[in-house]
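Q: Please read through the structure below; I'll follow up with questions.
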Amino acid sequence: MKPKHMDTNIPALQLDKVRKVYGTDDQEVVALDDVSLTVGSDEMMLLVGPSGSGKTTLLTVAGALLRPTSGSVRVGGVEITDLGDRQLAEFRRDQVGFVFQSVNLVPFLTARENLLVVRQFGGSRIDAAAKQRADQLLDELGLGGRGASLPSQLSGGQKQRVAIGRALMNDPSLVLVDEPTSALDSELGKQVMDLLRREIKGRGVAAIIVTHDDRVLEYADRIVRIVDGALETAADGSSTD
Amino acid sequence: MGIALKELIRRPSRFVSVGGALTMLVVLLVVLGGFLDGLALNSTGPYRAHEGRLLVFSDGSELLIQRSKVDTARGDQLASVEGVAAVGALNQIASTAGDTVDIVLFGYDLSTEVIPPPSAEGGAVIDRALADRYDVTEGDTLLLRATSEPVTVSAIVDDLSQGSPTVWISTQRWREIVGVGNPAALPPVGTDQALVVEPAGDTDLATLATRLTAIDGIDVATSDEVIDALPVVQQQSSTFQGIIGVTFVVTLMVVALFFTLITLERVDLYAVLKALGARTGYLVAGISAQAIGVSLVALVLGLGLSMAFVGLLPAELPVRLVPGRLLQTGVGVLLSALIGSLFTLRRVLNIDPAEAIG
Ligand SMILES: Nc1ncnc2c1ncn2[C@@H]1O[C@H](COP(=O)(O)OP(=O)(O)OP(=O)(O)O)[C@@H](O)[C@H]1O
Ligand SMILES: [Mg+2]
């Protein structure tokens, strides 16, 4: 189908001296300040930091939603800063899975259709294999019986899980998750993180998960802290236990 | 596009406003088109009844029969041209106001596919509009004009109106009646207003027309050319076509406005879909599909409503729903909707997928 991250030696994501500056000369905000970061091909990395420190910006740059002001972004060994808008859209469709902070499901599509919709963007038909994959993902996410429900008929946690399923639908090599638990109570938050970890590890996908939530730090392979757009010393997830 | 059509089906209430507006515009377009065709058809019946014939007028008459005067002798000259089967006279006079019924009285020699030959006994072929409006049947006697000349109805023919209903009698009888009723209007002996040329067998009309045009002092035209030259038709059709054109523009603007507004509402959704890999083209194609879907529904509803509405109009009003015009309206509305929906392109293009996150 598509080139996958077959070679585990190639990191899922490499940022090299990435700078992102918002605004014009007189009102410049340096959101990312020479960030260099490598995420391994099945690594689950947590990104923490104060509000306004550049976490979301880092995700958008890593996920090809935003071009960096300077520096290099490689996903699966491919330099994406040179790609045009069309190619970026294709790249996001095939290689990146996003879970947004606000859940953002398509309100008039059922849970199952919300998964299937990302297949249509490439103009490809929704075939039996796609349907099977959607059903399997919904099963794994504990939503086996809710495939025909509209988002308005689902709880917050269930919607969050559908969004995770959507991010995994196209078999991405990199999953980017922005504050998945901030809207959930601690029990649901744990559930969602459990699920993310299981899916990410089970599929050998790399993930960056942004969080404010100290309760979920234990799920990480690695924790990276960002302050004022610059990365600080990395801590090992296991050490926080 | 799949998403867009699902939205259309699952959330029809969002599209009720634009669908309603489009339905009303379709009704307007159908009824305007109906009047345009009705007026044109109702003022050209006699000429359309001469389809497949050539009409001959005097030079400089601009193909208007009331301005034309052709020597009857021309007829013999025309008849001798190769490909001409027969030549006959055509004269007309319109009745003016009064408490009588307004008609146009035609004197003619040659039958056509539509009009039977003039009756030797002085009978009249009449327009069905006259028959319907005044309950006239075959065998009834009409009293014509000032002197109340009696003529017996020998046949009733559909679709012969020229503004007013028409009555057709032989040239000889026409000259008698006009000579008594309105001698000033009678063409001098040896002249007729126009001549009708019937082509022989498989003679090509255009070829024959070229051949006849070589003769000095006359203008030769097909029935369509005569119709196009009628000032009534020209004025009416340009007026109505102007209104119809504006209505199409309004249709386009209604669609453009509605979908531009709905695009504003959907900025977040589109940003998410773009972040997930949807291209601008995919999203705009979805908008176009919705615009066309709504237009199709509006066309069906609008056509139904128009037919009901036209059915309620009094029979004297010249409205006619012609299939060709309805097709043209349908295609025009769909095209306007398509173009209108493309006005969202710039907005959708400017939606930044980065807005989806955070
Ligand atoms: N579109 C933008 N235009 C201008 N400045 C921006 C824009 N987006 C973010 N910034 C600025 O860039 C800096 C980093 O923002 P970012 O959203 O990445 O922070 P964050 O770490 O995600 O914060 P939070 O935890 O509150 O979500 C902030 O100072 C912010 O004000
Ligand atoms: Mg943020």
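Lettering and numbering for the structure tokens are positional, with chains as A, B, ... in the shown order, residues counted from 1 in each chain, and ligands counted from 1 in the shown order.
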Per residue of chain A within 9 Å of ligand 1, which atom pair is closest and at what distance in Å (one decimal), using only C-alpha atoms and all ligand atoms, listed by chain and increasing number, as CSV?

A:
residue,atom,partner,partner_atom_place_in_ligand_line,distance
A:Lys20,CA,ligand 1,12 (O),8.5
A:Val21,CA,ligand 1,12 (O),7.8
A:Tyr22,CA,ligand 1,4 (C),4.6
A:Gly23,CA,ligand 1,4 (C),5.5
A:Gln27,CA,ligand 1,4 (C),8.9
A:Glu28,CA,ligand 1,5 (N),8.0
A:Val29,CA,ligand 1,12 (O),5.9
A:Val30,CA,ligand 1,12 (O),6.6
A:Ala31,CA,ligand 1,12 (O),4.3
A:Leu32,CA,ligand 1,14 (C),7.5
A:Val48,CA,ligand 1,21 (O),8.1
A:Gly49,CA,ligand 1,21 (O),6.4
A:Pro50,CA,ligand 1,25 (O),5.8
A:Ser51,CA,ligand 1,25 (O),3.5
A:Gly52,CA,ligand 1,19 (O),3.4
A:Ser53,CA,ligand 1,21 (O),3.9
A:Gly54,CA,ligand 1,18 (O),3.1
A:Lys55,CA,ligand 1,21 (O),3.7
A:Thr56,CA,ligand 1,22 (O),3.7
A:Thr57,CA,ligand 1,18 (O),3.7
A:Leu58,CA,ligand 1,18 (O),6.4
A:Leu59,CA,ligand 1,18 (O),8.1
A:Thr60,CA,ligand 1,18 (O),8.4
A:Asp178,CA,ligand 1,22 (O),8.3
A:Glu179,CA,ligand 1,27 (O),8.4
A:Val210,CA,ligand 1,22 (O),8.2
A:Thr211,CA,ligand 1,25 (O),8.0
A:His212,CA,ligand 1,25 (O),7.2
A:Ile226,CA,ligand 1,21 (O),7.9
A:Val227,CA,ligand 1,21 (O),8.3
A:Asp228,CA,ligand 1,14 (C),7.7
A:Gly229,CA,ligand 1,14 (C),7.0

Q: Quick one: write out the picked residues with N, CA, C and O atoms as a CSV table (one decimal), in the first residue's frame?

A:
chain,number,residue,atom,x,y,z
A,20,LYS,N,10.3,28.2,15.4
A,20,LYS,CA,9.0,28.6,14.8
A,20,LYS,C,8.8,30.0,15.5
A,20,LYS,O,8.7,30.1,16.7
A,21,VAL,N,8.7,31.0,14.6
A,21,VAL,CA,8.4,32.4,15.1
A,21,VAL,C,7.1,32.8,14.6
A,21,VAL,O,6.8,32.8,13.4
A,22,TYR,N,6.2,33.2,15.5
A,22,TYR,CA,4.9,33.7,15.1
A,22,TYR,C,5.0,35.3,15.0
A,22,TYR,O,5.8,35.9,15.7
A,23,GLY,N,4.1,35.8,14.1
A,23,GLY,CA,4.0,37.3,14.1
A,23,GLY,C,5.1,37.9,13.3
A,23,GLY,O,6.0,37.3,12.7
A,27,GLN,N,6.2,42.3,16.8
A,27,GLN,CA,5.5,41.5,17.7
A,27,GLN,C,5.9,40.0,17.6
A,27,GLN,O,5.0,39.2,17.4
A,28,GLU,N,7.1,39.8,17.6
A,28,GLU,CA,7.6,38.4,17.4
A,28,GLU,C,7.4,37.5,18.6
A,28,GLU,O,7.6,37.9,19.8
A,29,VAL,N,6.9,36.3,18.4
A,29,VAL,CA,6.8,35.3,19.5
A,29,VAL,C,7.6,34.1,19.0
A,29,VAL,O,7.3,33.5,18.0
A,30,VAL,N,8.7,33.8,19.8
A,30,VAL,CA,9.4,32.6,19.4
A,30,VAL,C,8.8,31.4,20.2
A,30,VAL,O,9.0,31.2,21.4
A,31,ALA,N,8.0,30.6,19.4
A,31,ALA,CA,7.3,29.5,20.0
A,31,ALA,C,8.2,28.3,20.2
A,31,ALA,O,8.0,27.5,21.1
A,32,LEU,N,9.1,28.1,19.2
A,32,LEU,CA,10.0,27.0,19.3
A,32,LEU,C,11.4,27.6,19.0
A,32,LEU,O,11.6,28.3,18.0
A,48,VAL,N,5.6,17.7,28.3
A,48,VAL,CA,5.0,18.6,29.3
A,48,VAL,C,5.6,19.9,29.3
A,48,VAL,O,6.7,20.1,28.8
A,49,GLY,N,4.9,20.9,30.0
A,49,GLY,CA,5.5,22.2,30.0
A,49,GLY,C,4.4,23.2,30.4
A,49,GLY,O,3.2,22.9,30.2
A,50,PRO,N,4.7,24.4,30.8
A,50,PRO,CA,3.7,25.4,31.2
A,50,PRO,C,2.9,25.8,30.0
A,50,PRO,O,3.3,25.6,28.9
A,51,SER,N,1.8,26.5,30.3
A,51,SER,CA,1.0,27.0,29.2
A,51,SER,C,1.8,28.0,28.4
A,51,SER,O,2.5,28.8,29.0
A,52,GLY,N,1.6,28.0,27.1
A,52,GLY,CA,2.3,28.9,26.3
A,52,GLY,C,3.7,28.6,26.0
A,52,GLY,O,4.5,29.4,25.4
A,53,SER,N,4.2,27.4,26.4
A,53,SER,CA,5.6,27.1,26.3
A,53,SER,C,5.9,26.5,24.9
A,53,SER,O,7.1,26.4,24.5
A,54,GLY,N,4.9,26.2,24.1
A,54,GLY,CA,5.2,25.8,22.7
A,54,GLY,C,4.8,24.3,22.4
A,54,GLY,O,5.2,23.8,21.4
A,55,LYS,N,4.1,23.7,23.3
A,55,LYS,CA,3.8,22.2,23.1
A,55,LYS,C,2.9,22.0,21.9
A,55,LYS,O,3.2,21.2,21.0
A,56,THR,N,1.8,22.8,21.8
A,56,THR,CA,1.0,22.6,20.6
A,56,THR,C,1.7,22.9,19.4
A,56,THR,O,1.6,22.3,18.3
A,57,THR,N,2.5,24.0,19.4
A,57,THR,CA,3.3,24.4,18.2
A,57,THR,C,4.2,23.2,17.8
A,57,THR,O,4.3,22.9,16.6
A,58,LEU,N,4.8,22.6,18.8
A,58,LEU,CA,5.7,21.5,18.4
A,58,LEU,C,4.9,20.4,17.7
A,58,LEU,O,5.3,19.8,16.7
A,59,LEU,N,3.7,20.1,18.2
A,59,LEU,CA,2.9,19.0,17.6
A,59,LEU,C,2.5,19.4,16.1
A,59,LEU,O,2.6,18.6,15.2
A,60,THR,N,2.1,20.7,16.0
A,60,THR,CA,1.7,21.1,14.6
A,60,THR,C,2.8,21.1,13.6
A,60,THR,O,2.6,20.7,12.5
A,178,ASP,N,-2.9,15.8,21.6
A,178,ASP,CA,-2.9,17.1,22.4
A,178,ASP,C,-3.8,17.0,23.6
A,178,ASP,O,-5.0,17.0,23.4
A,179,GLU,N,-3.3,16.9,24.8
A,179,GLU,CA,-4.1,16.9,26.0
A,179,GLU,C,-5.3,16.0,25.9
A,179,GLU,O,-6.4,16.4,26.0
A,210,VAL,N,0.9,15.3,24.5
A,210,VAL,CA,1.1,16.5,25.3
A,210,VAL,C,0.1,16.4,26.5
A,210,VAL,O,-1.0,16.0,26.3
A,211,THR,N,0.6,16.8,27.6
A,211,THR,CA,-0.3,16.7,28.8
A,211,THR,C,0.1,17.7,29.8
A,211,THR,O,1.2,18.2,29.9
A,212,HIS,N,-0.9,18.1,30.6
A,212,HIS,CA,-0.7,18.9,31.8
A,212,HIS,C,-0.9,18.1,33.0
A,212,HIS,O,-0.8,18.5,34.1
A,226,ILE,N,9.2,21.2,28.0
A,226,ILE,CA,9.5,22.3,27.2
A,226,ILE,C,9.2,23.6,28.0
A,226,ILE,O,8.2,23.6,28.6
A,227,VAL,N,10.1,24.5,27.9
A,227,VAL,CA,9.9,25.8,28.6
A,227,VAL,C,10.3,26.9,27.7
A,227,VAL,O,11.4,26.9,27.1
A,228,ASP,N,9.4,27.9,27.5
A,228,ASP,CA,9.7,29.0,26.6
A,228,ASP,C,10.2,28.6,25.2
A,228,ASP,O,11.2,29.2,24.7
A,229,GLY,N,9.7,27.5,24.7
A,229,GLY,CA,10.1,27.1,23.4
A,229,GLY,C,11.4,26.3,23.3
A,229,GLY,O,11.8,25.9,22.2

Q: For the contact check between chain A and chain B, emit one row per residue of chain A within 7 Å, containing the shortest atom pair and the distance in Å rounded to one decimal, counting only C-alpha atoms, chain then rising number order, as JSON lines.

A:
{"residue": "A:Thr56", "atom": "CA", "partner": "B:Gly358", "partner_atom": "CA", "distance": 5.9}
{"residue": "A:Thr60", "atom": "CA", "partner": "B:Ala354", "partner_atom": "CA", "distance": 6.4}
{"residue": "A:Leu65", "atom": "CA", "partner": "B:Ala354", "partner_atom": "CA", "distance": 5.0}
{"residue": "A:Leu66", "atom": "CA", "partner": "B:Ala354", "partner_atom": "CA", "distance": 6.1}
{"residue": "A:Arg86", "atom": "CA", "partner": "B:Arg279", "partner_atom": "CA", "distance": 6.8}
{"residue": "A:Ala89", "atom": "CA", "partner": "B:Gly277", "partner_atom": "CA", "distance": 4.4}
{"residue": "A:Glu90", "atom": "CA", "partner": "B:Gly277", "partner_atom": "CA", "distance": 5.6}
{"residue": "A:Arg92", "atom": "CA", "partner": "B:Gly277", "partner_atom": "CA", "distance": 5.2}
{"residue": "A:Arg93", "atom": "CA", "partner": "B:Gly277", "partner_atom": "CA", "distance": 4.1}
{"residue": "A:Phe100", "atom": "CA", "partner": "B:Ile357", "partner_atom": "CA", "distance": 5.4}
{"residue": "A:Gln101", "atom": "CA", "partner": "B:Gly358", "partner_atom": "CA", "distance": 6.0}
{"residue": "A:Asn104", "atom": "CA", "partner": "B:Val272", "partner_atom": "CA", "distance": 6.9}
{"residue": "A:Val106", "atom": "CA", "partner": "B:Leu269", "partner_atom": "CA", "distance": 7.0}
{"residue": "A:Phe108", "atom": "CA", "partner": "B:Glu7", "partner_atom": "CA", "distance": 6.2}
{"residue": "A:Val118", "atom": "CA", "partner": "B:Leu276", "partner_atom": "CA", "distance": 6.7}
{"residue": "A:Phe121", "atom": "CA", "partner": "B:Ala278", "partner_atom": "CA", "distance": 4.9}
{"residue": "A:Asp178", "atom": "CA", "partner": "B:Gly358", "partner_atom": "CA", "distance": 6.9}

Q: Selected residues, N, CA and C atoms, written as a CSV table (one decimal), in the first residue's frame, please.

A:
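To be explicit, this is the file written out as out_38.csv:
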chain,number,residue,atom,x,y,z
A,56,THR,N,1.8,22.8,21.8
A,56,THR,CA,1.0,22.6,20.6
A,56,THR,C,1.7,22.9,19.4
A,60,THR,N,2.1,20.7,16.0
A,60,THR,CA,1.7,21.1,14.6
A,60,THR,C,2.8,21.1,13.6
A,65,LEU,N,1.3,20.3,10.0
A,65,LEU,CA,0.2,21.2,9.9
A,65,LEU,C,0.8,22.6,9.7
A,66,LEU,N,2.0,22.8,10.1
A,66,LEU,CA,2.6,24.1,10.1
A,66,LEU,C,4.1,24.0,9.7
A,86,ARG,N,-0.5,20.3,-1.1
A,86,ARG,CA,-1.2,19.0,-1.5
A,86,ARG,C,-0.4,17.8,-0.9
A,89,ALA,N,-1.0,17.5,2.7
A,89,ALA,CA,-2.3,16.9,3.0
A,89,ALA,C,-2.2,15.4,2.9
A,90,GLU,N,-1.6,14.9,1.8
A,90,GLU,CA,-1.5,13.5,1.6
A,90,GLU,C,-0.6,12.9,2.7
A,92,ARG,N,-0.1,13.9,5.7
A,92,ARG,CA,-0.9,13.8,7.0
A,92,ARG,C,-1.9,12.7,6.9
A,93,ARG,N,-2.5,12.5,5.8
A,93,ARG,CA,-3.5,11.5,5.7
A,93,ARG,C,-2.9,10.1,5.9
A,100,PHE,N,-7.0,15.5,18.6
A,100,PHE,CA,-7.0,16.9,19.0
A,100,PHE,C,-7.6,17.1,20.4
A,101,GLN,N,-7.2,18.2,21.0
A,101,GLN,CA,-7.7,18.5,22.4
A,101,GLN,C,-9.2,18.5,22.4
A,104,ASN,N,-13.7,17.1,18.2
A,104,ASN,CA,-13.8,17.3,16.7
A,104,ASN,C,-14.2,16.2,15.9
A,106,VAL,N,-16.9,14.5,13.3
A,106,VAL,CA,-17.9,15.0,12.3
A,106,VAL,C,-19.2,14.7,12.9
A,108,PHE,N,-22.4,14.7,12.1
A,108,PHE,CA,-23.5,14.0,11.5
A,108,PHE,C,-23.1,12.7,11.0
A,118,VAL,N,-11.6,9.2,7.0
A,118,VAL,CA,-10.2,9.5,6.6
A,118,VAL,C,-9.7,8.7,5.4
A,121,PHE,N,-10.5,10.6,1.9
A,121,PHE,CA,-9.8,11.8,1.5
A,121,PHE,C,-8.9,11.6,0.3
A,178,ASP,N,-2.9,15.8,21.6
A,178,ASP,CA,-2.9,17.1,22.4
A,178,ASP,C,-3.8,17.0,23.6

Q: Hey, what's within 7 Å of range 102-113 of chain B if we count only C-alpha atoms and toss same-chain stuff fewer than 2 positions away? As a list in words, please?

A: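 Those residues are Ala49, His50, Gly88, Ala89, Leu90, Asn91, Gln92, Ile93, Ala94, Ser95, Thr96, Ala97, Thr100, Ile115, Pro116, Pro117, Pro118, Ser164, Pro165, Thr166, Val167, Trp168, Ile169, Ser170, Thr171 and Trp174 of chain B.
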
Q: Going by DSSP on the backbone, which bits of range 14-70 of chain A are strand (DSSP E)? Write them as a list in words, please.

A: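 Residues meeting the strand (DSSP E) criterion: Gln14, Leu15, Asp16, Lys17, Val18, Arg19, Lys20, Val21, Tyr22, Val29, Val30, Ala31, Leu32, Asp33, Asp34, Val35, Ser36, Leu37, Thr38, Val39, Met44, Met45, Leu46, Leu47, Val48 and Ser70 of chain A.
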
Q: Could you write out that same residue set with N, CA, C and O atoms as a compact mmCIF listing (two decimals), in the first residue's frame?

A:
# COMPACT_ATOMS: atom_id res chain seq x y z
N GLN A 14 12.34 13.17 13.47
CA GLN A 14 13.58 13.87 13.81
C GLN A 14 13.38 15.36 13.59
O GLN A 14 13.13 15.80 12.47
N LEU A 15 13.50 16.13 14.69
CA LEU A 15 13.49 17.59 14.55
C LEU A 15 14.92 18.06 14.72
O LEU A 15 15.60 17.63 15.66
N ASP A 16 15.37 18.91 13.81
CA ASP A 16 16.74 19.40 13.92
C ASP A 16 16.76 20.92 13.86
O ASP A 16 16.40 21.52 12.85
N LYS A 17 17.11 21.52 14.99
CA LYS A 17 17.19 22.99 15.10
C LYS A 17 15.95 23.67 14.55
O LYS A 17 16.02 24.57 13.71
N VAL A 18 14.81 23.18 15.01
CA VAL A 18 13.55 23.74 14.50
C VAL A 18 13.21 25.01 15.26
O VAL A 18 13.17 25.03 16.49
N ARG A 19 12.98 26.07 14.48
CA ARG A 19 12.55 27.35 15.03
C ARG A 19 11.18 27.67 14.49
O ARG A 19 10.89 27.43 13.31
N LYS A 20 10.31 28.15 15.35
CA LYS A 20 9.02 28.64 14.85
C LYS A 20 8.77 29.99 15.48
O LYS A 20 8.71 30.11 16.71
N VAL A 21 8.67 31.00 14.62
CA VAL A 21 8.44 32.35 15.10
C VAL A 21 7.08 32.81 14.59
O VAL A 21 6.81 32.75 13.39
N TYR A 22 6.20 33.19 15.49
CA TYR A 22 4.90 33.74 15.09
C TYR A 22 5.00 35.25 14.98
O TYR A 22 5.80 35.88 15.68
N VAL A 29 6.87 36.30 18.43
CA VAL A 29 6.82 35.32 19.51
C VAL A 29 7.63 34.11 19.05
O VAL A 29 7.32 33.51 18.02
N VAL A 30 8.66 33.79 19.78
CA VAL A 30 9.44 32.61 19.43
C VAL A 30 8.80 31.43 20.16
O VAL A 30 8.96 31.25 21.36
N ALA A 31 8.03 30.64 19.42
CA ALA A 31 7.29 29.53 20.04
C ALA A 31 8.17 28.29 20.16
O ALA A 31 8.02 27.52 21.10
N LEU A 32 9.06 28.10 19.18
CA LEU A 32 10.03 27.00 19.27
C LEU A 32 11.41 27.59 19.01
O LEU A 32 11.62 28.28 18.02
N ASP A 33 12.33 27.29 19.90
CA ASP A 33 13.64 27.93 19.85
C ASP A 33 14.71 26.85 19.67
O ASP A 33 15.15 26.23 20.63
N ASP A 34 15.10 26.62 18.42
CA ASP A 34 16.13 25.62 18.10
C ASP A 34 15.88 24.28 18.78
O ASP A 34 16.69 23.79 19.56
N VAL A 35 14.73 23.71 18.49
CA VAL A 35 14.37 22.44 19.11
C VAL A 35 14.94 21.28 18.29
O VAL A 35 14.71 21.20 17.08
N SER A 36 15.69 20.41 18.95
CA SER A 36 16.15 19.19 18.29
C SER A 36 15.64 18.02 19.11
O SER A 36 15.75 18.01 20.34
N LEU A 37 15.04 17.06 18.40
CA LEU A 37 14.36 15.98 19.12
C LEU A 37 14.26 14.78 18.21
O LEU A 37 13.99 14.91 17.01
N THR A 38 14.49 13.60 18.76
CA THR A 38 14.32 12.38 17.98
C THR A 38 13.36 11.46 18.72
O THR A 38 13.49 11.28 19.94
N VAL A 39 12.38 10.93 18.00
CA VAL A 39 11.44 10.00 18.61
C VAL A 39 11.57 8.67 17.88
O VAL A 39 11.46 8.63 16.65
N MET A 44 6.83 6.03 23.01
CA MET A 44 5.70 6.84 23.47
C MET A 44 6.28 7.94 24.33
O MET A 44 6.76 7.71 25.44
N MET A 45 6.26 9.16 23.78
CA MET A 45 6.90 10.28 24.46
C MET A 45 5.85 11.23 25.01
O MET A 45 4.88 11.54 24.33
N LEU A 46 6.04 11.66 26.22
CA LEU A 46 5.13 12.65 26.80
C LEU A 46 5.80 14.02 26.76
O LEU A 46 6.99 14.14 27.09
N LEU A 47 5.05 15.01 26.36
CA LEU A 47 5.58 16.37 26.28
C LEU A 47 4.85 17.20 27.33
O LEU A 47 3.62 17.32 27.28
N VAL A 48 5.59 17.74 28.26
CA VAL A 48 4.97 18.55 29.32
C VAL A 48 5.61 19.93 29.33
O VAL A 48 6.69 20.14 28.77
N SER A 70 12.50 27.82 10.52
CA SER A 70 13.75 27.26 10.00
C SER A 70 13.97 25.91 10.68
O SER A 70 13.27 25.55 11.62

Q: Please report, as JSON, numbers by chain, each residue of range 28-237 of chain B to which DSSP assigns helix (DSSP H, G or I) when run on this structure's backbone.

A: {"B": [28, 29, 30, 31, 32, 33, 34, 35, 36, 37, 38, 39, 40, 41, 42, 45, 46, 47, 48, 65, 66, 67, 74, 75, 76, 77, 78, 79, 128, 129, 130, 131, 132, 133, 134, 171, 172, 173, 174, 175, 176, 177, 178, 179, 180, 181, 183, 184, 185, 205, 206, 207, 208, 209, 210, 211, 212, 213, 223, 224, 225, 226, 227, 228, 229, 231, 232, 233, 234, 235, 236, 237]}

Q: Contacts of Arg347 in chain B at 10 Å or less, counting only C-alpha atoms, minus same-chain residues fewer than 5 places along, as a ChimeraX atom specification?

A: /B:260,263-264,267,280,284,342

Q: Restricting the calculation to only C-alpha atoms: of A:Pro172, A:Pro68, A:Gly189, A:Gly144, which residue gets closest to Val96 in chain A?

A: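 Of A:Pro172, A:Pro68, A:Gly189, A:Gly144, the one nearest Val96 in chain A, counting only C-alpha atoms, is A:Pro172.
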
Q: Show which residues sit within 9 Å of range 180-190 of chain B, as a PyMOL selection string. Count only C-alpha atoms, and ignore same-chain residues fewer than 2 positions away.

A: chain B and resi 69-73+91+93+144-149+175-178+192-193

Q: Would you work out the distance separating CA of Ala128 in chain A from CA of Gln87 in chain A, expressed in Å to one decimal?

A: 26.7 Å

Q: So, counting only C-alpha atoms, which residue among A:Ala64, A:Val162, A:Val103, A:Leu137 is closest to Thr181 in chain A?

A: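 That would be A:Val103, the residue with the smallest distance to Thr181 in chain A.
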
Q: Give me the residues near Thr23 in chain B as a PyMOL selection string, where near means some atom within 8 Å (using only C-alpha atoms) and where sequence neighbours in that chain fewer than 4 positions away do not count.

A: chain B and resi 19+27+295+298-299+301-302

Q: Any idea what the distance is between CA of Thr81 in chain A and CA of Ile164 in chain A?

A: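 Distance between the two atoms: 26.0 Å.
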